[in-house]
Structures are given as C-alpha cells and as structure tokens.
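Trainee: Take this structure, written in structure tokens, and hold onto it; I'll ask about it next.
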Amino acid sequence: SQLRDLEGRGSAAPADGRALRADLPLVGTAPHSATRAPASTRAADPAPTTATRSTTAPTGPTPTGPTPTTTTRTTAAPAPVRPEGVAGTPCTATARACVDLASRTAWLLDGDQVVRGPVAVQHGGHEYPTPVGTFTVQWKAEQYTSREFGSPMPYSVFFAPGGVAFHEGRQDTPSAGCVKLVHDDAVAWFSYLQVGDEVQIH
C-alpha cells in the first residue's frame, strides 16, 4: 500500500502541469554547474574602452625660468605712397609746372628738383579767376590769338578748360584766367612742358 501511495503521488501532476522530478530542470531554467564560479566571485567582463588623449599636465618640478609667451603679429595693409612736396613750393613731385597764386610765383619741376623758378607771374582777377587744382597740358601753340578777347597769346601752353594757358603777357594787368609770364619765362615754359605733363595751381 505504501508503494501504491508513492506511485500514486509520483504520478499525480501539479496544477501547473509540471512534473515534480527533482533530477530534471524546469522549462526555462539552466542547470547548475558545479564548476561554474558563483556570480560574486566571477570576474566581470571587461568594459569596452575608448582611447582618449590625456589633457592632464605632466607632473614634475615647476620650471623656474620665464614663462614662454606666444605673440601674434598683425600685418596692416601698406598705406598708399603719396608724393612728397617739393621744397620751396606748394606742389608735389608729380607736377611739372607749379603755380602759387597767393605769392604770384611759378616753378618748373623735374621730380623733387626745381628746374626753373621761382618766377613772377600774373593771374586772373575777380571776374576771370585762374582755376585752382591739378591739370594736364592739353596742347600748345607758339603763336595764338584769343578768339574771345582778340588779344595775342604768344607761347601758349593750354592746361585747363576754357582756354586757360601759360603764355607771354603783361605783368601789370590781371589776365582772363590765364597765367602770364615775361618773354624769357614764357619761352622756357613752352619749351619744357609737353602734352600730358601735370600742372598744379595752388
């Protein structure tokens, strides 16, 4: 009867349908291994590592010398070169002829050198003032007569709009805007100046 009781108990299935066999594992469980170390004594799997660059300054004695410094050089764009003034005149070295209306004087220049001058000139009056500025020689005429005033203008060197020119003329009366010179200076201006030369009137 005891055998039957054991067999009966052994054949009976529990409510969840699993056999009560101590020597078989339950579904979903892993068998215990006698050789597997407990979780508490197993070495953890090494974590993946990423190579990084150390930013820690190296240890060691602190240098006693001067701390090196880094300098940044800033190069500015070169300033445009301006011609320098010619000594004794109000004009720069780019002018070939120079006139100072206030002092009624004029010069011929070659770079920073004075070729001729200062010489006396007569310029325009209040009604016909001589224009101020930088001009260039437009054309020349050894013998010319003004169409507007009918007056002769020997050795004319025209340099500004309206027929303004260097030419030979009287020094005791104002001009109609031109720069008048005595005969020798008018010849020198006519011979020296060429079309395209710069004229500065100050």
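FYI, nothing fancy with the structure tokens labels: chains A, B, ... in order, residues from 1 per chain, ligands from 1 as they appear.
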Which residues are near segment 144-148 of chain A? Cut-off 12 Å, only C-alpha atoms, ignore same chain within fewer than 2 positions. Put them as a list in words.
Mentor: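 Residues meeting the cut-off are Trp139, Lys140, Ala141, Glu142, Gly150, Ser151, Pro152, Met153, Pro154, Tyr155, Ser156, Val157, Phe158, Gly162, Gly163, Val164, Ala165, Phe166, His167, Glu168, Gly169, Ser175, Ala176 and Cys178 of chain A.
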Trainee: Neighbours of Gly177 of chain A within 6 Å (only C-alpha atoms; same-chain residues fewer than 4 positions away dropped), as a list of chain:residue names?
Mentor: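 These residues fall inside the cut-off: A:Gly124, A:Tyr128, A:Pro129, A:Thr130.
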Trainee: Which residues are near Gln200 of chain A? Cut-off 6 Å, only C-alpha atoms, ignore same chain within fewer than 2 positions. Put them as a list of chain:residue names.
Mentor: A:Cys98, A:Gly133, A:Thr134
Trainee: Grab the residues selected above and save them as a short mmCIF file (atom, residue, chain, number, x, y, z; two decimals), in the first residue's frame with C-alpha atoms.
Mentor:
```cif
data_model
loop_
_atom_site.label_atom_id
_atom_site.label_comp_id
_atom_site.auth_asym_id
_atom_site.auth_seq_id
_atom_site.Cartn_x
_atom_site.Cartn_y
_atom_site.Cartn_z
CA CYS A 98 53.67 124.70 -60.26
CA GLY A 133 43.64 122.31 -58.90
CA THR A 134 45.66 119.69 -60.74
#
```
Trainee: Hey, can you check how far atom CA of Gly88 of chain A sits from atom CA of Val114 of chain A?
Mentor: 8.8 Å
Trainee: Excluding His202 of chain A and residues on its chain fewer than 2 positions from it, collect all residues at most 7 Å away from it, counting only C-alpha atoms, and give them as a list of chain:residue names.
Mentor: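 After dropping sequence-adjacent residues, the list is A:Pro90, A:Val99, A:Asp100, A:Leu101, A:Val132, A:Gly133, A:Gln200.
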Trainee: Could those residues be written to a file, using N, CA and C atoms, as a CSV table (one decimal), in the first residue's frame?
Mentor:
```csv
chain,number,residue,atom,x,y,z
A,90,PRO,N,54.6,124.9,-53.2
A,90,PRO,CA,53.4,124.2,-52.6
A,90,PRO,C,53.0,123.0,-53.4
A,99,VAL,N,52.2,126.6,-59.7
A,99,VAL,CA,51.9,128.0,-59.5
A,99,VAL,C,51.4,128.2,-58.1
A,100,ASP,N,51.8,129.3,-57.5
A,100,ASP,CA,51.3,129.7,-56.2
A,100,ASP,C,50.6,131.1,-56.5
A,101,LEU,N,49.3,131.1,-56.5
A,101,LEU,CA,48.6,132.3,-56.8
A,101,LEU,C,48.7,133.4,-55.8
A,132,VAL,N,41.9,126.7,-59.7
A,132,VAL,CA,42.9,126.0,-58.7
A,132,VAL,C,42.7,124.5,-58.9
A,133,GLY,N,43.8,123.8,-58.8
A,133,GLY,CA,43.6,122.3,-58.9
A,133,GLY,C,44.8,121.7,-59.6
A,200,GLN,N,50.0,122.0,-61.5
A,200,GLN,CA,49.4,122.2,-60.2
A,200,GLN,C,49.3,123.7,-59.9
```
Trainee: Which of these, A:Val182, A:Ala102, A:Ala93, A:Ala160, has the shortest distance to Val115 of chain A once you count only C-alpha atoms?
Mentor: A:Ala93
Trainee: Which residues are near Tyr192 of chain A? Cut-off 10 Å, only C-alpha atoms, ignore same chain within fewer than 4 positions. Put them as a PyMOL selection string.
Mentor: chain A and resi 96-97+108-109+115-116+186-188+197
Trainee: Atoms to include: all heavy atoms. Write the selected residues as a PDB file, in the first residue's frame.
Mentor:
```pdb
ATOM      1  N   ARG A  96      54.925 119.053 -63.121  1.00  0.00           N
ATOM      2  CA  ARG A  96      55.999 119.569 -63.982  1.00  0.00           C
ATOM      3  C   ARG A  96      55.987 121.092 -63.980  1.00  0.00           C
ATOM      4  O   ARG A  96      57.015 121.721 -64.238  1.00  0.00           O
ATOM      5  CB  ARG A  96      55.820 119.053 -65.409  1.00  0.00           C
ATOM      6  CG  ARG A  96      55.875 117.543 -65.531  1.00  0.00           C
ATOM      7  CD  ARG A  96      57.292 117.018 -65.467  1.00  0.00           C
ATOM      8  NE  ARG A  96      57.987 117.222 -66.738  1.00  0.00           N
ATOM      9  CZ  ARG A  96      59.263 116.901 -66.949  1.00  0.00           C
ATOM     10  NH1 ARG A  96      59.988 116.391 -65.962  1.00  0.00           N
ATOM     11  NH2 ARG A  96      59.829 117.102 -68.129  1.00  0.00           N
ATOM     12  N   ALA A  97      54.810 121.667 -63.706  1.00  0.00           N
ATOM     13  CA  ALA A  97      54.697 123.116 -63.556  1.00  0.00           C
ATOM     14  C   ALA A  97      53.880 123.394 -62.307  1.00  0.00           C
ATOM     15  O   ALA A  97      52.880 122.716 -62.038  1.00  0.00           O
ATOM     16  CB  ALA A  97      54.030 123.750 -64.772  1.00  0.00           C
ATOM     17  N   LEU A 108      59.129 125.467 -62.659  1.00  0.00           N
ATOM     18  CA  LEU A 108      59.166 124.247 -63.467  1.00  0.00           C
ATOM     19  C   LEU A 108      59.889 123.195 -62.642  1.00  0.00           C
ATOM     20  O   LEU A 108      60.942 123.483 -62.030  1.00  0.00           O
ATOM     21  CB  LEU A 108      59.914 124.492 -64.789  1.00  0.00           C
ATOM     22  CG  LEU A 108      59.232 125.404 -65.801  1.00  0.00           C
ATOM     23  CD1 LEU A 108      60.119 125.587 -67.041  1.00  0.00           C
ATOM     24  CD2 LEU A 108      57.862 124.854 -66.212  1.00  0.00           C
ATOM     25  N   LEU A 109      59.334 121.996 -62.599  1.00  0.00           N
ATOM     26  CA  LEU A 109      59.866 120.941 -61.729  1.00  0.00           C
ATOM     27  C   LEU A 109      60.231 119.695 -62.528  1.00  0.00           C
ATOM     28  O   LEU A 109      59.622 119.406 -63.566  1.00  0.00           O
ATOM     29  CB  LEU A 109      58.832 120.566 -60.657  1.00  0.00           C
ATOM     30  CG  LEU A 109      58.248 121.710 -59.819  1.00  0.00           C
ATOM     31  CD1 LEU A 109      57.176 121.175 -58.877  1.00  0.00           C
ATOM     32  CD2 LEU A 109      59.350 122.416 -59.039  1.00  0.00           C
ATOM     33  N   VAL A 115      63.579 123.080 -61.675  1.00  0.00           N
ATOM     34  CA  VAL A 115      64.322 123.310 -62.915  1.00  0.00           C
ATOM     35  C   VAL A 115      64.448 124.813 -63.188  1.00  0.00           C
ATOM     36  O   VAL A 115      65.502 125.298 -63.635  1.00  0.00           O
ATOM     37  CB  VAL A 115      63.624 122.600 -64.099  1.00  0.00           C
ATOM     38  CG1 VAL A 115      64.314 122.922 -65.420  1.00  0.00           C
ATOM     39  CG2 VAL A 115      63.591 121.105 -63.869  1.00  0.00           C
ATOM     40  N   ARG A 116      63.359 125.543 -62.927  1.00  0.00           N
ATOM     41  CA  ARG A 116      63.359 126.995 -63.135  1.00  0.00           C
ATOM     42  C   ARG A 116      62.380 127.616 -62.148  1.00  0.00           C
ATOM     43  O   ARG A 116      61.285 127.114 -61.940  1.00  0.00           O
ATOM     44  CB  ARG A 116      62.953 127.332 -64.574  1.00  0.00           C
ATOM     45  CG  ARG A 116      63.125 128.806 -64.953  1.00  0.00           C
ATOM     46  CD  ARG A 116      62.706 129.030 -66.392  1.00  0.00           C
ATOM     47  NE  ARG A 116      62.846 130.424 -66.814  1.00  0.00           N
ATOM     48  CZ  ARG A 116      63.877 130.914 -67.512  1.00  0.00           C
ATOM     49  NH1 ARG A 116      64.874 130.109 -67.863  1.00  0.00           N
ATOM     50  NH2 ARG A 116      63.925 132.182 -67.865  1.00  0.00           N
ATOM     51  N   ALA A 186      58.134 132.667 -70.546  1.00  0.00           N
ATOM     52  CA  ALA A 186      57.121 132.058 -71.418  1.00  0.00           C
ATOM     53  C   ALA A 186      57.771 131.119 -72.425  1.00  0.00           C
ATOM     54  O   ALA A 186      57.252 130.025 -72.704  1.00  0.00           O
ATOM     55  CB  ALA A 186      56.340 133.157 -72.136  1.00  0.00           C
ATOM     56  N   VAL A 187      58.933 131.511 -72.962  1.00  0.00           N
ATOM     57  CA  VAL A 187      59.654 130.632 -73.894  1.00  0.00           C
ATOM     58  C   VAL A 187      60.108 129.364 -73.169  1.00  0.00           C
ATOM     59  O   VAL A 187      60.006 128.248 -73.708  1.00  0.00           O
ATOM     60  CB  VAL A 187      60.859 131.392 -74.511  1.00  0.00           C
ATOM     61  CG1 VAL A 187      61.731 130.427 -75.315  1.00  0.00           C
ATOM     62  CG2 VAL A 187      60.381 132.525 -75.397  1.00  0.00           C
ATOM     63  N   ALA A 188      60.596 129.509 -71.943  1.00  0.00           N
ATOM     64  CA  ALA A 188      61.058 128.346 -71.176  1.00  0.00           C
ATOM     65  C   ALA A 188      59.898 127.402 -70.867  1.00  0.00           C
ATOM     66  O   ALA A 188      60.030 126.172 -70.992  1.00  0.00           O
ATOM     67  CB  ALA A 188      61.729 128.818 -69.883  1.00  0.00           C
ATOM     68  N   ASP A 197      51.847 116.571 -69.414  1.00  0.00           N
ATOM     69  CA  ASP A 197      52.539 116.940 -68.189  1.00  0.00           C
ATOM     70  C   ASP A 197      51.560 117.497 -67.175  1.00  0.00           C
ATOM     71  O   ASP A 197      50.547 118.153 -67.522  1.00  0.00           O
ATOM     72  CB  ASP A 197      53.624 117.998 -68.469  1.00  0.00           C
ATOM     73  CG  ASP A 197      54.856 117.400 -69.115  1.00  0.00           C
ATOM     74  OD1 ASP A 197      54.957 116.153 -69.184  1.00  0.00           O
ATOM     75  OD2 ASP A 197      55.728 118.184 -69.562  1.00  0.00           O
TER      76      ASP A 197
END
```
Trainee: Quick one, how far is atom CA of Pro131 of chain A from atom CA of Ile201 of chain A?
Mentor: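 We find that atom CA of Pro131 of chain A and atom CA of Ile201 of chain A lie 7.3 Å from each other.
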Trainee: Distance atom CA of Pro174 of chain A-atom CA of Phe190 of chain A, one decimal place?
Mentor: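 Atom CA of Phe190 of chain A lies at a distance of 20.5 Å from atom CA of Pro174 of chain A.
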Trainee: Show which residues sit within 12 Å of Pro83 of chain A, as a list of chain:residue names. Count only C-alpha atoms, and ignore same-chain residues fewer than 3 positions away.
Mentor: A:Pro80, A:Val86, A:Cys91, A:Thr92, A:Ala93, A:Thr94, A:Ala95, A:Gly111, A:Asp112
Trainee: I'd like to know which of A:Glu127, A:Val137, A:Trp189, A:Glu84 is closest to Gln113 of chain A, using only C-alpha atoms.
Mentor: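 Smallest distance to Gln113 of chain A is found for A:Glu84.
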